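Asker: Contents are TSV, C-alpha atoms and all ligand atoms; file name my_file-v7.tsv:
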```tsv
chain	number	residue	atom	x	y	z
A	1	MET	CA	140.13	133.58	91.58
A	2	ASP	CA	137.42	133.19	94.19
A	3	THR	CA	134.54	135.11	92.63
A	4	LYS	CA	132.42	134.45	95.74
A	5	ALA	CA	134.44	137.27	97.29
A	6	MET	CA	132.46	139.62	95.05
A	7	PHE	CA	129.41	138.92	97.24
A	8	ASN	CA	131.21	140.77	100.01
A	9	ILE	CA	130.78	144.10	98.26
A	10	SER	CA	128.00	145.91	100.13
A	11	TYR	CA	125.05	147.25	98.13
A	12	GLY	CA	121.89	149.16	98.80
A	13	LEU	CA	118.55	148.31	97.21
A	14	PHE	CA	116.43	150.68	95.20
A	15	VAL	CA	113.22	150.89	93.22
A	16	LEU	CA	114.30	152.46	89.94
A	17	THR	CA	111.43	154.10	88.07
A	18	ALA	CA	110.91	155.71	84.69
A	19	ASN	CA	108.04	157.22	82.71
A	20	GLN	CA	107.66	157.03	78.95
A	21	ASP	CA	104.63	158.08	76.90
A	22	GLY	CA	102.55	158.38	80.06
A	23	LYS	CA	103.43	154.90	81.30
A	24	ASP	CA	105.18	154.39	84.64
A	25	ASN	CA	107.37	151.39	85.29
A	26	GLY	CA	110.02	150.35	87.78
A	27	CYS	CA	112.45	147.62	88.74
A	28	ILE	CA	114.71	146.71	91.64
A	29	VAL	CA	118.41	147.57	91.34
A	30	ASN	CA	121.35	147.48	93.73
A	31	THR	CA	123.62	149.85	91.87
A	32	VAL	CA	122.97	153.49	92.69
A	33	THR	CA	126.11	155.39	93.61
A	34	GLN	CA	126.79	159.03	94.30
A	35	VAL	CA	129.90	159.96	92.31
A	36	THR	CA	130.27	163.71	92.93
A	37	SER	CA	128.65	166.24	95.26
A	38	ASP	CA	129.31	169.38	93.23
A	39	PRO	CA	127.53	169.03	90.95
A	40	LEU	CA	125.44	166.34	92.59
A	41	GLN	CA	125.74	163.32	90.32
A	42	VAL	CA	124.93	159.63	90.56
A	43	THR	CA	125.51	156.57	88.43
A	44	ILE	CA	123.18	153.63	88.00
A	45	ALA	CA	123.96	150.35	86.26
A	46	VAL	CA	120.89	148.72	84.73
A	47	ASN	CA	120.54	145.34	83.07
A	48	LYS	CA	119.49	145.72	79.44
A	49	LEU	CA	116.84	143.00	79.93
A	50	ASN	CA	114.87	145.37	82.16
A	51	TYR	CA	112.09	147.31	80.47
A	52	THR	CA	113.00	150.22	82.77
A	53	HIS	CA	116.44	150.23	81.12
A	54	ASP	CA	114.93	150.98	77.71
A	55	MET	CA	112.66	153.66	79.17
A	56	ILE	CA	115.58	155.45	80.84
A	57	ALA	CA	117.71	155.14	77.69
A	58	ALA	CA	114.87	156.72	75.68
A	59	THR	CA	113.79	159.48	78.07
A	60	GLY	CA	116.90	160.27	80.14
A	61	HIS	CA	114.88	160.57	83.36
A	62	PHE	CA	114.63	158.31	86.39
A	63	THR	CA	114.02	158.20	90.11
A	64	ALA	CA	115.81	155.85	92.50
A	65	SER	CA	113.80	155.34	95.70
A	66	ILE	CA	115.99	154.00	98.49
A	67	LEU	CA	114.47	150.91	100.12
A	68	SER	CA	114.54	150.88	103.91
A	69	GLU	CA	114.68	148.07	106.46
A	70	LYS	CA	110.86	148.39	106.70
A	71	ALA	CA	110.37	147.41	103.05
A	72	ASP	CA	108.28	144.26	102.88
A	73	PHE	CA	108.80	141.35	100.53
A	74	GLU	CA	105.68	142.39	98.56
A	75	ILE	CA	107.48	145.43	97.20
A	76	PHE	CA	110.32	143.24	95.92
A	77	LYS	CA	107.79	140.93	94.29
A	78	ARG	CA	105.85	143.80	92.74
A	79	PHE	CA	108.86	145.53	91.20
A	80	GLY	CA	111.31	142.67	90.89
A	81	PHE	CA	109.45	139.44	90.13
A	82	GLN	CA	107.46	140.50	87.09
A	83	SER	CA	108.14	142.44	83.90
A	84	GLY	CA	106.66	145.83	83.15
A	85	ARG	CA	106.46	144.81	79.50
A	86	ASN	CA	103.32	142.83	80.23
A	87	THR	CA	102.10	144.18	83.59
A	88	ASP	CA	101.37	147.54	85.12
A	89	LYS	CA	103.54	147.36	88.23
A	90	PHE	CA	101.81	150.39	89.71
A	91	ALA	CA	98.30	148.91	89.42
A	92	GLY	CA	96.66	149.14	92.85
A	93	PHE	CA	99.71	150.82	94.32
A	94	ASP	CA	99.27	154.43	95.39
A	95	ALA	CA	102.27	155.00	97.70
A	96	VAL	CA	103.88	157.24	95.11
A	97	GLN	CA	104.76	160.85	94.50
A	98	ARG	CA	105.50	162.49	91.12
A	99	THR	CA	108.93	164.15	91.23
A	100	ALA	CA	110.47	167.12	89.43
A	101	ASN	CA	111.44	165.19	86.30
A	102	GLY	CA	108.07	163.49	85.83
A	103	THR	CA	109.00	160.07	87.21
A	104	LEU	CA	107.48	158.42	90.28
A	105	ALA	CA	109.06	158.11	93.69
A	106	VAL	CA	107.94	155.16	95.80
A	107	THR	CA	107.03	156.43	99.28
A	108	GLN	CA	106.30	153.13	101.06
A	109	GLY	CA	109.15	150.99	102.40
A	110	THR	CA	111.62	153.68	101.37
A	111	ASN	CA	113.50	156.40	103.22
A	112	SER	CA	114.42	158.80	100.39
A	113	TYR	CA	114.28	159.31	96.69
A	114	ILE	CA	116.71	160.71	94.14
A	115	SER	CA	115.48	161.95	90.77
A	116	ALA	CA	118.10	162.51	88.11
A	117	ASP	CA	118.57	163.30	84.42
A	118	VAL	CA	121.02	161.29	82.34
A	119	THR	CA	124.07	163.07	80.95
A	120	GLN	CA	126.14	160.09	79.74
A	121	LYS	CA	125.64	156.43	78.91
A	122	ILE	CA	128.33	153.75	78.93
A	123	ASP	CA	127.60	150.42	77.26
A	124	VAL	CA	129.22	147.73	79.43
A	125	GLY	CA	127.79	144.64	77.74
A	126	THR	CA	124.88	143.18	79.72
A	127	HIS	CA	124.30	146.53	81.44
A	128	THR	CA	124.31	150.23	80.69
A	129	ILE	CA	125.86	152.64	83.16
A	130	PHE	CA	123.98	155.94	83.24
A	131	LEU	CA	125.67	159.03	84.68
A	132	ALA	CA	123.03	161.50	85.79
A	133	LYS	CA	122.61	164.92	87.37
A	134	VAL	CA	120.38	164.96	90.45
A	135	VAL	CA	117.37	167.25	89.95
A	136	ASP	CA	115.24	166.37	92.98
A	137	VAL	CA	116.06	164.59	96.22
A	138	GLU	CA	113.98	164.19	99.39
A	139	SER	CA	114.11	162.33	102.69
A	140	LEU	CA	110.97	160.38	103.56
A	141	SER	CA	111.87	158.67	106.84
A	142	ASP	CA	114.70	158.02	109.30
A	143	ILE	CA	114.56	154.23	108.93
A	144	PRO	CA	117.97	152.85	107.91
A	145	SER	CA	118.47	151.79	104.30
A	146	ALA	CA	118.17	148.10	103.50
A	147	THR	CA	121.44	146.62	102.36
A	148	TYR	CA	121.46	143.59	100.10
A	149	THR	CA	122.70	141.55	103.10
A	150	TYR	CA	119.82	142.82	105.24
A	151	TYR	CA	117.40	141.79	102.49
A	152	GLN	CA	118.91	138.29	102.38
A	153	GLN	CA	118.78	137.90	106.16
A	154	HIS	CA	115.57	139.66	107.19
A	155	ILE	CA	113.23	140.45	104.29
A	156	LYS	CA	113.46	137.50	101.91
A	157	PRO	CA	111.29	134.60	103.18
A	158	LYS	CA	113.36	131.75	104.60
A	159	PRO	CA	113.59	129.08	101.91
A	160	GLN	CA	111.61	125.92	102.59
A	161	PRO	CA	113.85	122.83	102.54
A	162	LYS	CA	111.32	121.03	100.35
A	163	ALA	CA	108.94	121.91	97.54
A	164	PRO	CA	105.16	121.64	98.12
A	165	GLN	CA	103.86	118.06	97.80
A	166	GLY	CA	103.89	116.84	94.22
A	167	LYS	CA	105.72	119.86	92.87
A	168	THR	CA	109.23	120.59	91.68
A	169	ILE	CA	110.66	124.06	91.99
A	170	TRP	CA	113.89	125.62	90.83
A	171	ARG	CA	115.27	128.16	93.27
A	172	CYS	CA	117.68	130.94	92.36
A	173	LYS	CA	120.68	130.54	94.66
A	174	ILE	CA	121.39	134.25	94.38
A	175	CYS	CA	118.07	135.87	95.25
A	176	GLY	CA	115.64	133.09	96.19
A	177	TYR	CA	113.24	133.51	93.25
A	178	GLU	CA	111.34	130.27	92.62
A	179	TYR	CA	110.33	128.82	89.28
A	180	GLU	CA	107.76	126.02	89.36
A	181	GLY	CA	108.15	123.21	86.83
A	182	GLU	CA	109.81	119.89	86.24
A	183	GLU	CA	112.51	121.36	84.02
A	184	LEU	CA	114.03	124.81	84.03
A	185	PRO	CA	114.54	126.13	80.47
A	186	ALA	CA	118.30	126.28	79.72
A	187	ASP	CA	118.05	129.91	78.64
A	188	PHE	CA	116.07	130.92	81.74
A	189	ILE	CA	117.13	134.23	83.29
A	190	CYS	CA	116.12	135.04	86.86
A	191	PRO	CA	113.54	137.85	86.61
A	192	LEU	CA	114.76	139.38	89.86
A	193	CYS	CA	118.55	139.23	89.81
A	194	LYS	CA	119.08	138.30	86.12
A	195	HIS	CA	121.37	135.39	86.91
A	196	PRO	CA	121.28	132.44	84.48
A	197	ALA	CA	119.77	128.96	84.83
A	198	SER	CA	123.12	127.62	86.11
A	199	ASP	CA	122.56	129.57	89.35
A	200	PHE	CA	119.31	127.67	90.10
A	201	GLU	CA	119.02	124.55	92.24
A	202	LYS	CA	116.32	121.91	91.95
A	203	VAL	CA	114.09	121.49	95.01
A	204	THR	CA	111.74	118.51	95.14
A	205	ALA	CA	108.97	117.47	97.52
A	301	FE	FE	117.72	135.49	91.20
```
Would you write the structure of this file as structure tokens?
Answerer:
Amino acid sequence: MDTKAMFNISYGLFVLTANQDGKDNGCIVNTVTQVTSDPLQVTIAVNKLNYTHDMIAATGHFTASILSEKADFEIFKRFGFQSGRNTDKFAGFDAVQRTANGTLAVTQGTNSYISADVTQKIDVGTHTIFLAKVVDVESLSDIPSATYTYYQQHIKPKPQPKAPQGKTIWRCKICGYEYEGEELPADFICPLCKHPASDFEKVTA
């Protein structure tokens, strides 16, 4: 088995948002799929480590905003490189629009949003698959959607061959996230792509 072949599946990239008890939160996912058109239904697969996962499981409402090729790296950092458990990811960010089901659409660096209400949940181990009925969908721009490959080639900063002087960093080979420190904790999980410590490489000065 050559599991690298799995990287050849094409994916889009999305900001997935939820609202619970008046709090908005969001994360980056690559797994939004339309499954039927009548009725209009989508599935999302969300890692259980994401705070947004728990919010969607509790409330049954979400919005997936489709990232475009004009999305800048800042938006990936804001929604993907930190946890909503201890930060307000929407602080100082006003490029949003409240949708029909009470969740937020991101209107910057995106070309559309899809709001949906969960009808079924499937526990698949590390992730939950949510089947949901679309309740609100809008186009925001004509800019093409960013694929995961486009993100890797054009949005993610080019990795520096060396770490800054005097520092050691551990770089996620999957998404490029960098952890600074001499040793990477063995149970470390990449906050962006959720891959384990074994997918990190050591980069020294
Ligand atoms: Fe990663």
Asker: Quick one: which chain A residues come within 12 Å of ligand FE 301 (chain A), and what is the nearest atom pair for each with the distance in Å to one decimal, counting only C-alpha atoms and all ligand atoms, rows ordered by chain and ascending number, as a tab-separated table?
Answerer:
```
residue	atom	partner	partner_atom	distance
A:Ile28	CA	A:FE301	FE	11.6
A:Phe76	CA	A:FE301	FE	11.7
A:Lys77	CA	A:FE301	FE	11.7
A:Gly80	CA	A:FE301	FE	9.6
A:Phe81	CA	A:FE301	FE	9.2
A:Gln152	CA	A:FE301	FE	11.6
A:Lys156	CA	A:FE301	FE	11.7
A:Trp170	CA	A:FE301	FE	10.6
A:Arg171	CA	A:FE301	FE	8.0
A:Cys172	CA	A:FE301	FE	4.7
A:Lys173	CA	A:FE301	FE	6.7
A:Ile174	CA	A:FE301	FE	5.0
A:Cys175	CA	A:FE301	FE	4.1
A:Gly176	CA	A:FE301	FE	5.9
A:Tyr177	CA	A:FE301	FE	5.3
A:Glu178	CA	A:FE301	FE	8.4
A:Tyr179	CA	A:FE301	FE	10.1
A:Phe188	CA	A:FE301	FE	10.6
A:Ile189	CA	A:FE301	FE	8.0
A:Cys190	CA	A:FE301	FE	4.6
A:Pro191	CA	A:FE301	FE	6.6
A:Leu192	CA	A:FE301	FE	5.1
A:Cys193	CA	A:FE301	FE	4.1
A:Lys194	CA	A:FE301	FE	6.0
A:His195	CA	A:FE301	FE	5.6
A:Pro196	CA	A:FE301	FE	8.2
A:Ala197	CA	A:FE301	FE	9.3
A:Ser198	CA	A:FE301	FE	10.8
A:Asp199	CA	A:FE301	FE	7.9
A:Phe200	CA	A:FE301	FE	8.1
A:Glu201	CA	A:FE301	FE	11.1
```
Asker: Here is a test: counting all atoms listed in the file, which residue of A:Lys48, A:His127, A:Lys70, A:Lys4 is nearest to A:Tyr150?
Answerer: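 Smallest separation from A:Tyr150 among the options: A:Lys70.
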Asker: Looking at all atoms listed in the file, which of A:Pro39, A:Gly125, A:Gly109, A:Gly181 is the one that sits closest to A:Phe73?
Answerer: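 Among the listed residues, the smallest separation from A:Phe73 belongs to A:Gly109.
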Asker: Could you please determine the separation between atom CA of A:Phe79 and atom CA of A:Cys27 in Å, to one decimal place?
Answerer: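 The value is 4.8 Å.
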Asker: Give me the residues within 12 Å of A:Asp123 as number ranges by chain, counting all atoms listed in the file and dropping any in the same chain fewer than 4 places off.
Answerer: A: 45-48, 53, 57, 127-131
Asker: One decimal, Å: what's the distance from atom CA of A:Lys121 over to atom CA of A:Gly26, could you say?
Answerer: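 The value is 19.0 Å.
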Asker: Interatomic distance between atom CA of A:Thr110 and atom CA of A:Thr126?
Answerer: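 Taking atom CA of A:Thr110 and atom CA of A:Thr126, their separation equals 27.5 Å.
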Asker: Could you build a table of the residues in stretch 23-53 of chain A lying no more than 10 Å from stretch 98-107 of chain A, giving for each the nearest pair of atoms and their separation in Å rounded to one decimal place, using only C-alpha atoms, ordered by chain and ascending residue number, as a Markdown table?
Answerer:
```
| residue | atom | partner | partner_atom | distance |
| --- | --- | --- | --- | --- |
| A:Lys23 | CA | A:Thr103 | CA | 9.6 |
| A:Asp24 | CA | A:Leu104 | CA | 7.3 |
| A:Asn25 | CA | A:Leu104 | CA | 8.6 |
| A:Gly26 | CA | A:Leu104 | CA | 8.8 |
```
Asker: Could you write those residues out with C-alpha atoms, as a compact mmCIF listing (two decimals), in the coordinates of the input?
Answerer:
```txt
# COMPACT_ATOMS: atom_id res chain seq x y z
CA LYS A 23 103.43 154.90 81.30
CA ASP A 24 105.18 154.39 84.64
CA ASN A 25 107.37 151.39 85.29
CA GLY A 26 110.02 150.35 87.78
```
Asker: Smallest atom-to-atom distance to A:Thr43: which of A:Ser145, A:Gln165, A:Ser112, A:Thr63, using all atoms listed in the file?
Answerer: A:Thr63
Asker: Nearest to A:Ser10: which of A:Glu182, A:Thr168, A:Thr149, A:Asp136 is it, counting only C-alpha atoms?
Answerer: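 Of all the options, A:Thr149 lies closest to A:Ser10.
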Asker: Under the rule that only C-alpha atoms are counted, which of A:Tyr51, A:Thr204, A:Val137, A:Tyr151 is the nearest residue to A:Pro164?
Answerer: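 The answer is A:Thr204, which sits nearest to A:Pro164.
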Asker: Grab all the atoms of stretch 184-203 of chain A that the file lists, wrap them in a box along x, y and z, add 3 Å per side, and give me centre plus edge lengths in Å (one decimal) as JSON.
Answerer:
```
{"center_x": 118.3, "center_y": 130.4, "center_z": 86.8, "size_x": 15.6, "size_y": 23.9, "size_z": 22.4}
```
Asker: Counting all atoms listed in the file, which of A:Ala64, A:Ile169, A:Val42, A:Val203 gets nearest to A:Val29?
Answerer: A:Ala64
